[in-house]
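S.K.: Below is the structure I would like to discuss, written out as structure tokens.
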Amino acid sequence: MSRPAGTTGRWVREHLVLLLGLLVLVYTFVPIAVVVLMSFNDPDSRLIYRFDGFTIDNWLNPCAEPSMCDAVVRSVEIGLLATVLATLLGTLAAFAMVRHRFVGRSTANLLVFLPMAAPEIVLGASLLALFVASGLGGQLGFWTILVAHVMFCLSFVIVAVRARLAGLDDTLEQAAMDLYATPAQTFWRVTFPLVFPGILGAALLAFSLSFDDFIITNLNAGNTTTFPMYVWGVAQRGVPMQVNVVGTVMLVLSIAIVLAGELRARRRAGR
Amino acid sequence: MTSTAQPPPLVDALPTAEAEPPEQGGSRRRGGLTGYLLLLPATLWLLLFFVVPFYSLVATSLFDPSGSDFRGYEMTWEFGNYVDAVRDYWQPLLRSLWYGGLATLFCLVLGYVLAYAIAFKAGRWKNLLLVLVVAPFFTSFLVRTLSWKLILADDGFVVETLQFLHLLGDDGRLLATPVAVVAGLTYNFLPFMVLPLYASLEKIDPRLIEASGDLYANPFVGFFKVTWPLSLPGVVSGTLLTFIPAAGDFINAQLLGSPNQRMVGGVVQSLFTDANDYPAAGALSVIMMGGILMMVLVYVRRAGTEDLL
């Protein structure tokens with residue numbers, strides 16, 4: 001502290017970095033702000049994408065474009081099913097990987113890692129090649145999308161739950177066992193509640209990955225239209241502002257879920 | 001550090017250099033059949049819908065190119081498909097590497113600043129800021145990219161400001177240029193960079209950085225000799241997690257660019273869905289996958305973090 005130059009440097013570093021960091025964060029929110037703003041837009045023409053006037057009509061009639069709502073419903077259906085399946089399979093696998101011995105651990109790790117490292121277009125193209133080769137080329141639709149979504153969500157679920165499990169202090173479980181809890185009781189009363197936030201986070205991530213996927217879905221969808229595919233289609237023809245309503249709702253819902261989890265965790269920690 | 005607050009689970013969820021958790025008490029792992037049974041469903045799913053399809057893709061890439069969806073394809077071990085694919089599409093291939101690389105570089109600079117600020121300067125706002133980093137991730141990718149179209153529009157604020165500052169000619173534009181595409185890519189994949197960087201930076205003991213200061217290193221030397229090397233695992237996984245999807249992406253190129261900014265993902269997509277030229281699309285996808293795998297291996301070995309896999 002005796003060197004003023006160093007102190008100045010330190011001060012600049014301390015505050016400048018924080019300021020720059022916040023600026024980067026603001027940059028990531030500019031397009032989000034535009035999405036929220038455009039959800040209140042009253043466009044003069046659908047062909048020109050700009051803010052023309054304020055209205056709440058888009059919020060009052062979110063389904064003015066029935067095909068958009070159909071697509072949203074389909075995306076939600078696929079998202080929920082894919083989330084349940086991927087979370088279930090992924091959680092089981094994560095338990096195996098952290099808690100059990102098995103031959104071929106590094107192969108299993110690689111198998112989990114590769115789908116995350118492969119570009120989406122390759123994953124989608126591979127599945128399409130398989131479906132076509134096995135004569136399912138004409139039956140692309142809901143079920144082929146679901147299969148694809150479970151596949152790419154699985155790795156993320158496994159990694160998320162595995163991280164939570166590995167970070168778990170197992171003295172609590174040992175204590176339960178010492179107090180004569182059966183393995184089943186230990187699992188359901190101690191282990192599972194501790195891992196549950198990780199599973200929930202993984203499920204949330206899986207749902208948003210599924211709901212948002214375009215590249216893989218588009219190759220394996222046949223004539224079925226999901227929400228991202230709908231947006232892709234209208235991007236060329238003129239975008240109904242209700243698309244921004246969906247975007248805003250997604251944002252608000254996910255922030256609410258994450259914050260609720262945070263608050264719960266904080267209240268627990270405070271107790 | 002007395003705070004025991006855990007980062008939000010979503011942060012754990014993104015793969016980092018520490019993808020494989022440390023072997024804490026490997027001896028405590030249980031043996032027996034249960035492990036295999038637990039592992040079976042997920043493994044089967046990945047084998048059936050990830051490994052087998054990839055073989056199928058490789059097979060498709062070697063089909064007789066004169067076949068069609070309609071007449072069926074014949075396996076003729078047509079390695080010429082690869083030569084044709086490179087000859088016809090070397091431009092989008094190189095362009096994808098270039099745009100993906102540029103976007104990754106920008107993400108690294110922006111992401112490092114943000115991750116550093118969160119890890120060392122945010123204090124009790126850490127978790128809130130982390131939530132904010134992943135928040136944009138939850139608004140539809142396509143809808144967000146459409147917003148960029150509005151932000152960068154010809155009569156928009158950004159273009160007019162740049163024109164006013166003479167950084168852009170009077171009839172200059174951003175949409176339909178590489179600038180717009182790279183900006184879109186940078187924006188869309190930034191969270192993939194920030195989270196692994198944060199995970200690495202967060203583990204650094206701030207006393208080490210203080211120590212470098214006490215030993216008369218100026219902040220810059222301290223940064224490059226202490227912080228940067230210790231954050232390398234995060235840099236490696238962050239750049240990979242950003243580069244791979246960015247190079248494979250075609251949504252930004254399509255929505256924000258023009259046909260002159262076409263990327264290889266878009267070519268594969270239209271070969272499959274519009275041209276129905278499966279062998280060419282297959283060959284191009286295999287080239288992409290091979291290129292990326294090679295890059296990952298070389299890069300990971302160079303950076304000395306083999307435990308990434």
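Residues are referred to by chain and number: the chain letter is A, B, ... according to the order shown in the structure tokens, the number counts from 1 in that chain, and ligands are numbered separately from 1 in the order shown.
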Which residues are close to range 132-137 of chain A, i.e. within 10 Å by only C-alpha atoms, leaving aside same-chain residues fewer than 5 positions away? Reply as an MDAnalysis selection string.
M.R.: (chainID A and resid 126:127 144 220 222) or (chainID B and resid 53 56:57 59:60 69 72:73 278)
S.K.: Would you please give, as a VMD selection string, all residues of range 196-260 of chain B that DSSP assigns to alpha helix (DSSP H) based on the backbone?
M.R.: chain B and resid 196 to 203 206 to 214 219 to 222 228 to 230 232 to 248 251 to 256
S.K.: I'd like to know which of A:Asn61, A:Asn41, A:Ser210, A:Asn109 is closest to Ile158 in chain A, using only C-alpha atoms.
M.R.: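 For Ile158 in chain A, the nearest of the given residues is A:Asn109.
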S.K.: When distances are computed from only C-alpha atoms, which of A:Ile145, A:Met177, A:Val98, A:Ile78 shows the smallest separation from chain B?
M.R.: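 Result for the nearest residue to chain B: A:Val98.
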S.K.: Please determine, counting only C-alpha atoms, which residue among A:Met38, A:Val26, A:Ala235, A:Ala160 has the shortest atom-to-atom distance to chain B.
M.R.: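 Closest candidate: A:Ala160.
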S.K.: Between CA of Ser200 in chain B and CA of Pro233 in chain B, what is the spacing in Å?
M.R.: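 Atom-to-atom, CA of Pro233 in chain B to CA of Ser200 in chain B, that is 6.6 Å.
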S.K.: Select from chain B every residue with an atom at most 6 Å from any atom of chain A, then for each give the shortest pair of atoms and their distance in Å to one decimal, using only C-alpha atoms, rows by chain and rising number, as JSON lines.
M.R.:
{"residue": "B:Pro9", "atom": "CA", "partner": "A:Gly201", "partner_atom": "CA", "distance": 5.1}
{"residue": "B:Leu10", "atom": "CA", "partner": "A:Gly201", "partner_atom": "CA", "distance": 5.6}
{"residue": "B:Asp12", "atom": "CA", "partner": "A:Ala160", "partner_atom": "CA", "distance": 5.6}
{"residue": "B:Ala13", "atom": "CA", "partner": "A:Ala160", "partner_atom": "CA", "distance": 3.9}
{"residue": "B:Arg29", "atom": "CA", "partner": "A:His100", "partner_atom": "CA", "distance": 4.7}
{"residue": "B:Arg30", "atom": "CA", "partner": "A:His100", "partner_atom": "CA", "distance": 4.6}
{"residue": "B:Gly31", "atom": "CA", "partner": "A:Arg101", "partner_atom": "CA", "distance": 4.8}
{"residue": "B:Gly35", "atom": "CA", "partner": "A:Ala96", "partner_atom": "CA", "distance": 4.7}
{"residue": "B:Leu38", "atom": "CA", "partner": "A:Leu92", "partner_atom": "CA", "distance": 5.1}
{"residue": "B:Leu39", "atom": "CA", "partner": "A:Ala93", "partner_atom": "CA", "distance": 4.5}
{"residue": "B:Ala42", "atom": "CA", "partner": "A:Leu89", "partner_atom": "CA", "distance": 5.2}
{"residue": "B:Pro53", "atom": "CA", "partner": "A:Ser126", "partner_atom": "CA", "distance": 4.7}
{"residue": "B:Phe54", "atom": "CA", "partner": "A:Ser126", "partner_atom": "CA", "distance": 5.0}
{"residue": "B:Ser56", "atom": "CA", "partner": "A:Leu130", "partner_atom": "CA", "distance": 5.3}
{"residue": "B:Leu57", "atom": "CA", "partner": "A:Ser126", "partner_atom": "CA", "distance": 4.8}
{"residue": "B:Val113", "atom": "CA", "partner": "A:Gly21", "partner_atom": "CA", "distance": 5.4}
{"residue": "B:Leu114", "atom": "CA", "partner": "A:Gly21", "partner_atom": "CA", "distance": 4.0}
{"residue": "B:Ala117", "atom": "CA", "partner": "A:Leu18", "partner_atom": "CA", "distance": 4.9}
{"residue": "B:Phe138", "atom": "CA", "partner": "A:Leu251", "partner_atom": "CA", "distance": 5.5}
{"residue": "B:Thr139", "atom": "CA", "partner": "A:Leu251", "partner_atom": "CA", "distance": 5.1}
{"residue": "B:Ser140", "atom": "CA", "partner": "A:Asp212", "partner_atom": "CA", "distance": 5.6}
{"residue": "B:Arg144", "atom": "CA", "partner": "A:Pro31", "partner_atom": "CA", "distance": 5.9}
{"residue": "B:Ser147", "atom": "CA", "partner": "A:Pro31", "partner_atom": "CA", "distance": 5.4}
{"residue": "B:Ile244", "atom": "CA", "partner": "A:Pro119", "partner_atom": "CA", "distance": 5.9}
{"residue": "B:Pro245", "atom": "CA", "partner": "A:Pro119", "partner_atom": "CA", "distance": 5.5}
{"residue": "B:Gly248", "atom": "CA", "partner": "A:Pro119", "partner_atom": "CA", "distance": 5.4}
{"residue": "B:Ser285", "atom": "CA", "partner": "A:Val122", "partner_atom": "CA", "distance": 5.6}
S.K.: I'd like the interatomic distance between CA of Leu108 in chain B and CA of Leu93 in chain B, to a tenth of an Å.
M.R.: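 CA of Leu93 in chain B lies at a distance of 22.4 Å from CA of Leu108 in chain B.
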S.K.: Using only C-alpha atoms, which of B:Phe164, B:Phe189, B:Trp45, B:Tyr36 sits nearest Thr145 in chain B?
M.R.: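 Of the candidates, the smallest distance to Thr145 in chain B is held by B:Phe189.
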S.K.: What is the distance between CA of Gly100 in chain B and CA of Phe243 in chain B, in Å to one decimal?
M.R.: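 Computing the Euclidean distance for CA of Gly100 in chain B and CA of Phe243 in chain B yields 5.5 Å.
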S.K.: Could you pull the residues within 9 Å of Val190 in chain A, counting only C-alpha atoms, minus those fewer than 3 positions along the same chain, as a list in words?
M.R.: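 The contact residues come out as Leu172, Glu173, Ala176, Gln185, Thr186, Phe187, Pro193, Leu194 and Val195 of chain A.
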S.K.: List the spatial neighbours of Tyr99 in chain B as a list in words - criterion: any atom at most 8 Å away, only C-alpha atoms, same-chain residues fewer than 4 positions off excluded.
M.R.: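 My list of contacting residues is Arg95, Ala103, Pro178, Val181, Val182, Ala246 and Ala247 of chain B.
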S.K.: Keeping C-alpha atoms for every residue in the selection just given, could you write it to a file as a short mmCIF file (atom, residue, chain, number, x, y, z; two decimals), in the first residue's frame?
M.R.:
data_model
loop_
_atom_site.label_atom_id
_atom_site.label_comp_id
_atom_site.auth_asym_id
_atom_site.auth_seq_id
_atom_site.Cartn_x
_atom_site.Cartn_y
_atom_site.Cartn_z
CA ARG B 95 -15.76 -19.69 -43.81
CA ALA B 103 -16.57 -15.54 -32.65
CA PRO B 178 -19.73 -11.03 -42.04
CA VAL B 181 -22.90 -13.01 -38.59
CA VAL B 182 -19.87 -12.97 -36.29
CA ALA B 246 -20.41 -21.69 -33.56
CA ALA B 247 -18.64 -23.35 -36.49
#
S.K.: Excluding Asp70 in chain A and its own-chain neighbours fewer than 4 positions away, which residues fall within 10 Å of it when counting only C-alpha atoms? Please give them as a list in words.
M.R.: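 So the residues in contact are Cys63, Glu65, Pro66, Arg74, Ser75, Val76, Thr225, Thr226, Phe227 and Tyr230 of chain A.
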